[in-house]
file run.pdb (PDB, C-alpha atoms and all ligand atoms)
ATOM      1  CA  MET A  21     -21.218   1.440  -7.423
ATOM      2  CA  ILE A  22     -17.767   0.937  -8.927
ATOM      3  CA  LYS A  23     -16.639   4.024 -10.812
ATOM      4  CA  ILE A  24     -15.390   3.807 -14.382
ATOM      5  CA  LYS A  25     -12.881   6.588 -14.983
ATOM      6  CA  SER A  26     -13.122   8.728 -18.104
ATOM      7  CA  GLU A  27     -10.092   9.453 -20.294
ATOM      8  CA  ARG A  28      -9.901  12.901 -18.739
ATOM      9  CA  GLU A  29      -9.905  11.429 -15.234
ATOM     10  CA  LEU A  30      -7.339   8.839 -16.222
ATOM     11  CA  ARG A  31      -4.975  11.517 -17.486
ATOM     12  CA  ILE A  32      -4.959  13.034 -13.995
ATOM     13  CA  MET A  33      -4.897   9.645 -12.228
ATOM     14  CA  ARG A  34      -1.787   8.709 -14.215
ATOM     15  CA  GLN A  35      -0.047  11.859 -13.035
ATOM     16  CA  ALA A  36      -1.149  11.366  -9.429
ATOM     17  CA  CYS A  37       0.186   7.819  -9.530
ATOM     18  CA  VAL A  38       3.533   8.813 -11.047
ATOM     19  CA  ILE A  39       3.911  11.361  -8.229
ATOM     20  CA  ALA A  40       3.042   8.704  -5.633
ATOM     21  CA  ALA A  41       5.662   6.414  -7.189
ATOM     22  CA  SER A  42       8.318   9.149  -7.235
ATOM     23  CA  VAL A  43       7.754  10.100  -3.603
ATOM     24  CA  LEU A  44       7.846   6.428  -2.609
ATOM     25  CA  ASP A  45      11.059   5.861  -4.538
ATOM     26  CA  GLU A  46      12.766   8.846  -2.919
ATOM     27  CA  LEU A  47      11.694   7.735   0.560
ATOM     28  CA  CYS A  48      12.952   4.202  -0.115
ATOM     29  CA  GLN A  49      16.361   5.637  -0.967
ATOM     30  CA  MET A  50      16.397   7.624   2.275
ATOM     31  CA  ALA A  51      15.392   4.647   4.411
ATOM     32  CA  ARG A  52      18.711   3.600   5.922
ATOM     33  CA  ASP A  53      20.284   2.544   9.196
ATOM     34  CA  GLY A  54      20.094   5.542  11.596
ATOM     35  CA  ILE A  55      17.145   7.488  10.146
ATOM     36  CA  SER A  56      13.970   7.822  12.203
ATOM     37  CA  THR A  57      10.519   7.181  10.780
ATOM     38  CA  TRP A  58       9.652  10.745  11.832
ATOM     39  CA  GLU A  59      12.374  12.097   9.512
ATOM     40  CA  LEU A  60      10.969   9.996   6.676
ATOM     41  CA  ASP A  61       7.487  11.332   7.362
ATOM     42  CA  GLN A  62       8.720  14.933   7.318
ATOM     43  CA  ALA A  63      10.562  14.306   4.054
ATOM     44  CA  ALA A  64       7.390  12.787   2.592
ATOM     45  CA  CYS A  65       5.424  15.928   3.383
ATOM     46  CA  LYS A  66       8.019  18.120   1.610
ATOM     47  CA  LEU A  67       8.328  15.832  -1.412
ATOM     48  CA  MET A  68       4.564  15.724  -1.919
ATOM     49  CA  GLU A  69       4.442  19.508  -1.791
ATOM     50  CA  GLN A  70       7.316  19.802  -4.284
ATOM     51  CA  HIS A  71       5.303  17.671  -6.700
ATOM     52  CA  GLY A  72       2.214  19.870  -6.345
ATOM     53  CA  SER A  73       0.387  17.217  -4.353
ATOM     54  CA  ARG A  74      -0.608  16.505  -0.770
ATOM     55  CA  SER A  75      -0.940  13.464   1.455
ATOM     56  CA  ALA A  76      -4.172  11.487   1.144
ATOM     57  CA  CYS A  77      -3.765   9.946   4.582
ATOM     58  CA  TYR A  78      -2.905  13.083   6.616
ATOM     59  CA  LYS A  79      -5.998  13.779   8.736
ATOM     60  CA  TYR A  80      -7.753  10.770   7.188
ATOM     61  CA  LYS A  81     -10.760  10.101   9.419
ATOM     62  CA  CYS A  82     -11.560   6.845  11.115
ATOM     63  CA  GLY A  83     -14.349   7.283  13.669
ATOM     64  CA  SER A  84     -13.278  10.220  15.836
ATOM     65  CA  LEU A  85      -9.573   9.762  15.026
ATOM     66  CA  ARG A  86      -7.568  11.581  12.369
ATOM     67  CA  TYR A  87      -4.385  10.039  11.030
ATOM     68  CA  PRO A  88      -1.483  12.247  12.178
ATOM     69  CA  GLY A  89       1.202  11.240   9.635
ATOM     70  CA  TYR A  90       1.835  12.048   5.961
ATOM     71  CA  VAL A  91       2.704   8.465   5.037
ATOM     72  CA  CYS A  92       2.383   5.151   6.853
ATOM     73  CA  LEU A  93       5.693   3.712   8.119
ATOM     74  CA  SER A  94       5.363   0.226   9.568
ATOM     75  CA  VAL A  95       8.445  -1.489  10.995
ATOM     76  CA  ASN A  96       8.904  -5.267  11.469
ATOM     77  CA  ASP A  97       5.847  -6.581  13.355
ATOM     78  CA  GLU A  98       3.864  -3.462  12.442
ATOM     79  CA  VAL A  99       1.614  -4.543   9.583
ATOM     80  CA  ILE A 100       0.179  -1.207   8.396
ATOM     81  CA  HIS A 101      -0.680   2.354   9.491
ATOM     82  CA  GLY A 102       2.470   2.848  11.578
ATOM     83  CA  ILE A 103       3.022   6.532  12.452
ATOM     84  CA  GLY A 104       6.431   8.222  12.065
ATOM     85  CA  ARG A 105       8.179   8.649  15.446
ATOM     86  CA  LYS A 106      11.384  10.370  16.491
ATOM     87  CA  ASP A 107      12.328   7.420  18.691
ATOM     88  CA  ARG A 108      11.736   4.831  15.972
ATOM     89  CA  VAL A 109      15.194   4.731  14.439
ATOM     90  CA  LEU A 110      15.767   2.200  11.675
ATOM     91  CA  LYS A 111      18.612  -0.269  12.116
ATOM     92  CA  SER A 112      20.223  -3.003  10.088
ATOM     93  CA  GLY A 113      17.990  -6.078   9.909
ATOM     94  CA  ASP A 114      14.731  -4.077  10.071
ATOM     95  CA  ILE A 115      12.095  -3.973   7.383
ATOM     96  CA  VAL A 116       9.896  -0.912   6.927
ATOM     97  CA  SER A 117       6.837  -0.662   4.737
ATOM     98  CA  ILE A 118       6.414   2.809   3.269
ATOM     99  CA  ASP A 119       2.836   3.482   2.179
ATOM    100  CA  VAL A 120       2.481   6.629   0.080
ATOM    101  CA  SER A 121      -0.900   7.959  -1.014
ATOM    102  CA  VAL A 122      -1.101  11.413  -2.611
ATOM    103  CA  VAL A 123      -3.857  13.656  -3.926
ATOM    104  CA  TYR A 124      -3.050  15.529  -7.145
ATOM    105  CA  GLN A 125      -5.682  17.696  -8.851
ATOM    106  CA  GLY A 126      -8.382  15.875  -6.925
ATOM    107  CA  TYR A 127      -7.256  12.307  -7.697
ATOM    108  CA  VAL A 128      -5.406   9.791  -5.555
ATOM    109  CA  GLY A 129      -2.412   7.575  -6.315
ATOM    110  CA  ASP A 130      -1.576   4.885  -3.735
ATOM    111  CA  ASN A 131       1.471   2.613  -3.508
ATOM    112  CA  THR A 132       3.607   0.797  -0.943
ATOM    113  CA  ARG A 133       6.980  -0.910  -0.841
ATOM    114  CA  THR A 134       8.725  -2.733   1.992
ATOM    115  CA  VAL A 135      12.386  -1.778   2.284
ATOM    116  CA  MET A 136      15.062  -3.980   3.851
ATOM    117  CA  ILE A 137      17.557  -2.038   5.985
ATOM    118  CA  GLY A 138      21.202  -3.176   5.844
ATOM    119  CA  GLU A 139      21.687  -6.892   6.392
ATOM    120  CA  VAL A 140      18.358  -8.667   6.658
ATOM    121  CA  SER A 141      17.995 -12.357   7.559
ATOM    122  CA  PRO A 142      17.275 -14.747   4.662
ATOM    123  CA  GLU A 143      13.898 -15.581   6.255
ATOM    124  CA  VAL A 144      12.826 -11.967   6.301
ATOM    125  CA  ARG A 145      14.132 -11.377   2.778
ATOM    126  CA  ARG A 146      12.034 -14.290   1.537
ATOM    127  CA  LEU A 147       8.955 -12.818   3.253
ATOM    128  CA  VAL A 148       9.453  -9.466   1.534
ATOM    129  CA  GLU A 149      10.117 -11.037  -1.873
ATOM    130  CA  THR A 150       7.100 -13.333  -1.576
ATOM    131  CA  THR A 151       4.856 -10.389  -0.743
ATOM    132  CA  GLU A 152       6.061  -8.481  -3.807
ATOM    133  CA  LYS A 153       5.623 -11.478  -6.060
ATOM    134  CA  SER A 154       2.119 -12.083  -4.718
ATOM    135  CA  LEU A 155       1.249  -8.501  -5.671
ATOM    136  CA  TYR A 156       2.295  -9.204  -9.271
ATOM    137  CA  GLU A 157       0.353 -12.476  -9.210
ATOM    138  CA  GLY A 158      -2.728 -10.485  -8.233
ATOM    139  CA  ILE A 159      -2.069  -7.783 -10.817
ATOM    140  CA  SER A 160      -1.782 -10.405 -13.573
ATOM    141  CA  ARG A 161      -5.443 -11.334 -12.887
ATOM    142  CA  ALA A 162      -6.612  -7.691 -12.973
ATOM    143  CA  VAL A 163      -8.089  -8.139 -16.424
ATOM    144  CA  ALA A 164     -11.478  -7.097 -17.836
ATOM    145  CA  GLY A 165     -13.893 -10.037 -17.691
ATOM    146  CA  ASN A 166     -12.278 -11.455 -14.554
ATOM    147  CA  ARG A 167     -13.739 -10.836 -11.112
ATOM    148  CA  VAL A 168     -12.208  -9.283  -7.987
ATOM    149  CA  GLY A 169     -12.069 -12.792  -6.489
ATOM    150  CA  ASP A 170      -9.643 -13.838  -9.225
ATOM    151  CA  ILE A 171      -7.148 -11.254  -7.934
ATOM    152  CA  SER A 172      -7.802 -12.244  -4.311
ATOM    153  CA  ALA A 173      -7.472 -15.978  -4.925
ATOM    154  CA  ALA A 174      -4.229 -15.577  -6.885
ATOM    155  CA  ILE A 175      -2.642 -13.599  -4.043
ATOM    156  CA  GLN A 176      -3.813 -16.016  -1.372
ATOM    157  CA  LYS A 177      -2.660 -19.060  -3.313
ATOM    158  CA  TYR A 178       0.800 -17.639  -3.891
ATOM    159  CA  VAL A 179       1.260 -16.473  -0.285
ATOM    160  CA  GLU A 180      -0.066 -19.620   1.375
ATOM    161  CA  GLY A 181       1.839 -21.773  -1.097
ATOM    162  CA  ALA A 182       5.013 -20.128   0.201
ATOM    163  CA  GLY A 183       4.011 -20.995   3.782
ATOM    164  CA  TYR A 184       2.817 -17.553   4.905
ATOM    165  CA  GLY A 185      -0.567 -16.091   5.798
ATOM    166  CA  VAL A 186      -2.478 -13.108   4.409
ATOM    167  CA  VAL A 187      -3.928 -10.531   6.783
ATOM    168  CA  LYS A 188      -7.706 -10.606   6.332
ATOM    169  CA  GLU A 189      -8.953  -7.605   8.300
ATOM    170  CA  PHE A 190      -7.644  -5.050   5.775
ATOM    171  CA  THR A 191      -8.006  -5.088   2.016
ATOM    172  CA  GLY A 192      -7.085  -3.353  -1.200
ATOM    173  CA  HIS A 193      -9.665  -1.002  -2.670
ATOM    174  CA  GLY A 194     -10.903   1.031  -5.577
ATOM    175  CA  VAL A 195      -9.130   4.382  -5.778
ATOM    176  CA  GLY A 196      -9.881   7.637  -7.583
ATOM    177  CA  ARG A 197     -11.368  10.853  -6.244
ATOM    178  CA  GLN A 198     -11.407   9.060  -2.895
ATOM    179  CA  LEU A 199      -8.579   7.089  -1.325
ATOM    180  CA  HIS A 200     -10.989   4.255  -0.605
ATOM    181  CA  GLU A 201     -13.682   3.543  -3.187
ATOM    182  CA  GLU A 202     -15.572   0.405  -4.123
ATOM    183  CA  PRO A 203     -14.781  -2.395  -4.525
ATOM    184  CA  GLU A 204     -12.886  -3.926  -1.628
ATOM    185  CA  VAL A 205     -10.044  -6.077  -2.944
ATOM    186  CA  PRO A 206      -9.360  -8.737  -0.284
ATOM    187  CA  ASN A 207      -6.132 -10.711  -0.304
ATOM    188  CA  TYR A 208      -8.049 -13.965   0.077
ATOM    189  CA  GLY A 209     -11.120 -15.403  -1.589
ATOM    190  CA  ARG A 210     -12.538 -17.582  -4.287
ATOM    191  CA  ALA A 211     -11.693 -17.285  -7.981
ATOM    192  CA  GLY A 212     -14.737 -16.335 -10.047
ATOM    193  CA  SER A 213     -16.450 -14.548  -7.137
ATOM    194  CA  GLY A 214     -17.069 -10.861  -6.513
ATOM    195  CA  PRO A 215     -17.590  -7.848  -8.774
ATOM    196  CA  LEU A 216     -16.801  -8.045 -12.489
ATOM    197  CA  LEU A 217     -13.731  -6.103 -13.632
ATOM    198  CA  ARG A 218     -14.316  -3.582 -16.429
ATOM    199  CA  PRO A 219     -12.000  -1.254 -18.370
ATOM    200  CA  GLY A 220     -11.609   2.098 -16.628
ATOM    201  CA  MET A 221     -11.682   0.729 -13.085
ATOM    202  CA  THR A 222      -8.687   1.707 -10.941
ATOM    203  CA  LEU A 223      -7.753  -0.583  -8.068
ATOM    204  CA  ALA A 224      -5.179  -0.425  -5.283
ATOM    205  CA  ILE A 225      -4.018  -4.009  -4.853
ATOM    206  CA  GLU A 226      -2.094  -4.504  -1.605
ATOM    207  CA  PRO A 227      -1.178  -7.835  -0.055
ATOM    208  CA  MET A 228      -0.237  -7.742   3.655
ATOM    209  CA  VAL A 229       1.671 -10.897   4.516
ATOM    210  CA  SER A 230       2.785 -12.311   7.880
ATOM    211  CA  MET A 231       5.691 -14.603   8.534
ATOM    212  CA  GLY A 232       3.777 -16.321  11.348
ATOM    213  CA  SER A 233       0.084 -16.189  12.160
ATOM    214  CA  PRO A 234      -1.869 -13.560  10.155
ATOM    215  CA  ASP A 235      -3.817 -12.565  13.283
ATOM    216  CA  ILE A 236      -3.453  -8.923  14.260
ATOM    217  CA  ARG A 237      -3.946  -6.513  17.143
ATOM    218  CA  MET A 238      -4.389  -2.736  17.174
ATOM    219  CA  ASP A 239      -2.227  -0.292  19.110
ATOM    220  CA  SER A 240      -4.233   0.694  22.158
ATOM    221  CA  GLU A 241      -2.464   4.055  22.507
ATOM    222  CA  ASP A 242      -2.257   5.603  19.047
ATOM    223  CA  GLY A 243      -5.407   3.859  17.779
ATOM    224  CA  TRP A 244      -3.898   3.296  14.314
ATOM    225  CA  THR A 245      -0.897   0.986  14.232
ATOM    226  CA  VAL A 246      -1.767  -2.596  13.306
ATOM    227  CA  TYR A 247       0.635  -5.268  14.649
ATOM    228  CA  THR A 248       0.926  -8.998  14.174
ATOM    229  CA  LEU A 249      -0.475 -10.693  17.280
ATOM    230  CA  ASP A 250       2.505 -13.061  17.522
ATOM    231  CA  GLY A 251       5.131 -10.311  17.107
ATOM    232  CA  LYS A 252       6.594 -11.844  13.951
ATOM    233  CA  PRO A 253       7.437  -9.617  10.985
ATOM    234  CA  SER A 254       5.015  -8.764   8.234
ATOM    235  CA  SER A 255       5.411  -7.195   4.813
ATOM    236  CA  HIS A 256       3.222  -5.058   2.528
ATOM    237  CA  SER A 257       3.341  -4.163  -1.190
ATOM    238  CA  GLU A 258       0.900  -2.078  -3.208
ATOM    239  CA  HIS A 259       0.299  -0.651  -6.662
ATOM    240  CA  THR A 260      -2.548   1.300  -8.219
ATOM    241  CA  VAL A 261      -3.626  -0.563 -11.349
ATOM    242  CA  LEU A 262      -5.927   0.339 -14.271
ATOM    243  CA  ILE A 263      -8.151  -2.305 -15.837
ATOM    244  CA  THR A 264      -7.922  -1.931 -19.628
ATOM    245  CA  ASP A 265      -9.157  -3.732 -22.757
ATOM    246  CA  SER A 266      -5.945  -5.755 -22.668
ATOM    247  CA  GLU A 267      -3.110  -6.031 -20.128
ATOM    248  CA  PRO A 268      -3.432  -4.414 -16.683
ATOM    249  CA  GLU A 269      -1.663  -1.051 -16.570
ATOM    250  CA  ILE A 270       0.328  -0.400 -13.392
ATOM    251  CA  LEU A 271      -0.085   3.330 -12.821
ATOM    252  CA  THR A 272       2.265   3.780  -9.855
ATOM    253  CA  VAL A 273       5.489   3.564 -11.837
ATOM    254  CA  LEU A 274       8.338   6.042 -12.266
ATOM    255  CA  LYS A 275       8.216   8.002 -15.513
TER
HETATM  256  N1  LIG B   1      -2.587   3.634   1.646
HETATM  257  C1  LIG B   1      -3.309   3.360   2.859
HETATM  258  C2  LIG B   1      -4.570   2.564   2.541
HETATM  259  O1  LIG B   1      -4.823   2.258   1.422
HETATM  260  C3  LIG B   1      -3.599   4.661   3.508
HETATM  261  C4  LIG B   1      -4.112   4.526   4.827
HETATM  262  S1  LIG B   1      -4.588   6.056   5.359
HETATM  263  C5  LIG B   1      -4.635   5.926   7.025
HETATM  264  O2  LIG B   1      -5.343   2.204   3.393
HETATM  265  F1  LIG B   1      -4.952   7.096   7.450
HETATM  266  F2  LIG B   1      -5.555   5.029   7.352
HETATM  267  F3  LIG B   1      -3.494   5.561   7.475
HETATM  268 CO    CO B   2      -4.202   1.383  -0.304
END

call {"tool": "encode", "arguments": {"input": "run.pdb", "output": "C-alpha cells"}}
result
Amino acid sequence: MIKIKSERELRIMRQACVIAASVLDELCQMARDGISTWELDQAACKLMEQHGSRSACYKYKCGSLRYPGYVCLSVNDEVIHGIGRKDRVLKSGDIVSIDVSVVYQGYVGDNTRTVMIGEVSPEVRRLVETTEKSLYEGISRAVAGNRVGDISAAIQKYVEGAGYGVVKEFTGHGVGRQLHEEPEVPNYGRAGSGPLLRPGMTLAIEPMVSMGSPDIRMDSEDGWTVYTLDGKPSSHSEHTVLITDSEPEILTVLK
C-alpha cells in the first residue's frame, strides 16, 4: 500500500525535509581537501541534533547488521552506504556522495548530493553533472496521473543517452514515517508501467550512476559499502519529492 500523506503529515514532512537539506548543505560546505569522512559523520550527528532531529540511518537494520554511521559517505568507486572513517581523508580530485536522512517529529526527509573536491577531471565532473540532471529529469515526471515507470524511464534514458549506466540493485523509495516505504522507485524501467502516482505521495528519487559498468560488489568486511565492480567512479543524487495536483514539489530544499 502506498501511503497518501495528510496535510498535517505534510506540514511535518516539509520541516523534516528542510532540515535534511540544511544538514546536507552544511556538510557539503565542510567537504574539502584534508577532512576525513569520519569528521563529516561526527559533524552530521551534531547538526542533526541542533535541528531537533536524528539520523534515520544510524542503527538502520539490514539482516543482523546495524548501520554504524549517521550519514552515508561514499567516495569515488563507492556507490552508496559508505561509512565515515578516520583514515578516509578527502583529497583534490575525489568525489564524495553525502546521503543525509533525518527523522523529525516522526517523519523522514532524505537527500543526497555528490561533492567534487578541489580540481576534478572533466570526465568525473560530467558524471556528477549528468547524475544531477537525471534526477531532475525523473522529478519532472513525478506528476499525478503518471506512473513510477515514467520517472524510472526518464532517468534511465537520460543517463544511458550520456553514455553511462544506472545501478539496478538499489532504488529510490517512498518515504514518510519510515525511511523506506512503498513504492520502490527504480532508476530503470518502462514508461507507463508500475504504480500510479497520486497527490500526497512522497518519494525519494535517487539515481546512482556509474562511469563504467553499473555492476557492483559489496564490501566483505563492513557488510554495507557498495562499490562499482570495475573500480570506476560513481555518483549519486537524491531529493524527496511530493506529488501534487500540479507540479512536483521538491521538499528537500533550503528555506
Ligand atoms: N538514504 C539512504 C537510502 O535511502 C539511507 C540508507 S540507510 C543505510 O537508502 F543504513 F542503509 F545506510
Ligand atoms: Co533514499

call {"tool": "closest_residue", "arguments": {"input": "run.pdb", "among": "A:Glu27, A:Glu189, A:Glu157, A:Asp61", "to": "Pro206 of chain A", "atoms": "only C-alpha atoms"}}
result
A:Glu189

call {"tool": "residues_near_ligand", "arguments": {"input": "run.pdb", "ligand": "ligand CO 2 (chain B)", "cutoff": "6 Å", "atoms": "all atoms listed in the file", "output": "PyMOL selection string"}}
result
chain A and resi 130+192+224

call {"tool": "residues_around", "arguments": {"input": "run.pdb", "residues": "Leu262 of chain A", "least_positions_apart": "2", "cutoff": "8 Å", "atoms": "all atoms listed in the file", "output": "short mmCIF file (atom, residue, chain, number, x, y, z; two decimals) with C-alpha atoms, in the frame of the given file"}}
result
data_model
loop_
_atom_site.label_atom_id
_atom_site.label_comp_id
_atom_site.auth_asym_id
_atom_site.auth_seq_id
_atom_site.Cartn_x
_atom_site.Cartn_y
_atom_site.Cartn_z
CA PRO A 219 -12.00 -1.25 -18.37
CA GLY A 220 -11.61 2.10 -16.63
CA MET A 221 -11.68 0.73 -13.08
CA THR A 222 -8.69 1.71 -10.94
CA LEU A 223 -7.75 -0.58 -8.07
CA THR A 260 -2.55 1.30 -8.22
CA THR A 264 -7.92 -1.93 -19.63
CA PRO A 268 -3.43 -4.41 -16.68
CA GLU A 269 -1.66 -1.05 -16.57
CA ILE A 270 0.33 -0.40 -13.39
CA LEU A 271 -0.08 3.33 -12.82
#

call {"tool": "closest_residue", "arguments": {"input": "run.pdb", "among": "A:Ser233, A:Thr248, A:Ser112, A:Ser213", "to": "Glu139 of chain A", "atoms": "only C-alpha atoms"}}
result
A:Ser112

call {"tool": "residues_near_ligand", "arguments": {"input": "run.pdb", "ligand": "ligand LIG 1 (chain B)", "cutoff": "10 Å", "atoms": "all atoms listed in the file", "output": "PyMOL selection string"}}
result
chain A and resi 75-82+85-93+100-103+118-122+128-132+190-195+199-200+224-226+244-245+258-260

call {"tool": "atom_distance", "arguments": {"input": "run.pdb", "atom1": "atom CA of Val123 of chain A", "atom2": "atom CA of Lys106 of chain A"}}
result
25.7 Å

call {"tool": "closest_residue", "arguments": {"input": "run.pdb", "among": "A:Lys188, A:Arg167, A:Arg108, A:Arg237", "to": "Glu59 of chain A", "atoms": "only C-alpha atoms"}}
result
A:Arg108

call {"tool": "residues_near_point", "arguments": {"input": "run.pdb", "point": "(10.3, 10.1, -0.2)", "cutoff": "7 Å", "atoms": "only C-alpha atoms", "output": "PyMOL selection string"}}
result
chain A and resi 43-48+60+63-64+67

call {"tool": "closest_residue", "arguments": {"input": "run.pdb", "among": "A:Arg210, A:Lys153, A:Lys66, A:Arg197", "to": "Ala173 of chain A", "atoms": "only C-alpha atoms"}}
result
A:Arg210

call {"tool": "axis_aligned_box", "arguments": {"input": "run.pdb", "around": "segment 54-58 of chain A", "padding_each_side": "5 Å", "output": "lines of an AutoDock Vina configuration file"}}
result
center_x = 14.9
center_y = 8.1
center_z = 11.2
size_x = 20.4
size_y = 15.2
size_z = 12.1

call {"tool": "closest_residue", "arguments": {"input": "run.pdb", "among": "A:His71, A:Lys23, A:Arg146, A:Lys111", "to": "Ala40 of chain A", "atoms": "all atoms listed in the file"}}
result
A:His71

call {"tool": "closest_residue", "arguments": {"input": "run.pdb", "among": "A:Val179, A:Gly165, A:Arg105, A:Gln198", "to": "Glu152 of chain A", "atoms": "all atoms listed in the file"}}
result
A:Val179

call {"tool": "atom_distance", "arguments": {"input": "run.pdb", "atom1": "atom CA of Met238 of chain A", "atom2": "atom CA of Asp107 of chain A"}}
result
19.6 Å

call {"tool": "atom_distance", "arguments": {"input": "run.pdb", "atom1": "atom CA of Gly209 of chain A", "atom2": "atom CA of Asp239 of chain A"}}
result
27.1 Å

call {"tool": "resolve_selection", "arguments": {"input": "run.pdb", "expression": "the PyMOL selection byres (((chain A and resi 52) around 8) and not hetatm)", "output": "compact mmCIF listing (two decimals) with C-alpha atoms, keeping the file's coordinate frame"}}
result
# COMPACT_ATOMS: atom_id res chain seq x y z
CA GLN A 49 16.36 5.64 -0.97
CA MET A 50 16.40 7.62 2.28
CA ALA A 51 15.39 4.65 4.41
CA ASP A 53 20.28 2.54 9.20
CA GLY A 54 20.09 5.54 11.60
CA ILE A 55 17.14 7.49 10.15
CA LEU A 110 15.77 2.20 11.68
CA LYS A 111 18.61 -0.27 12.12
CA SER A 112 20.22 -3.00 10.09
CA ILE A 137 17.56 -2.04 5.98
CA GLY A 138 21.20 -3.18 5.84

call {"tool": "resolve_selection", "arguments": {"input": "run.pdb", "expression": "the PyMOL selection byres (((chain A and resi 182) around 12) and not hetatm)", "output": "PyMOL selection string"}}
result
chain A and resi 143+146-151+153-154+175-181+183-186+229-232
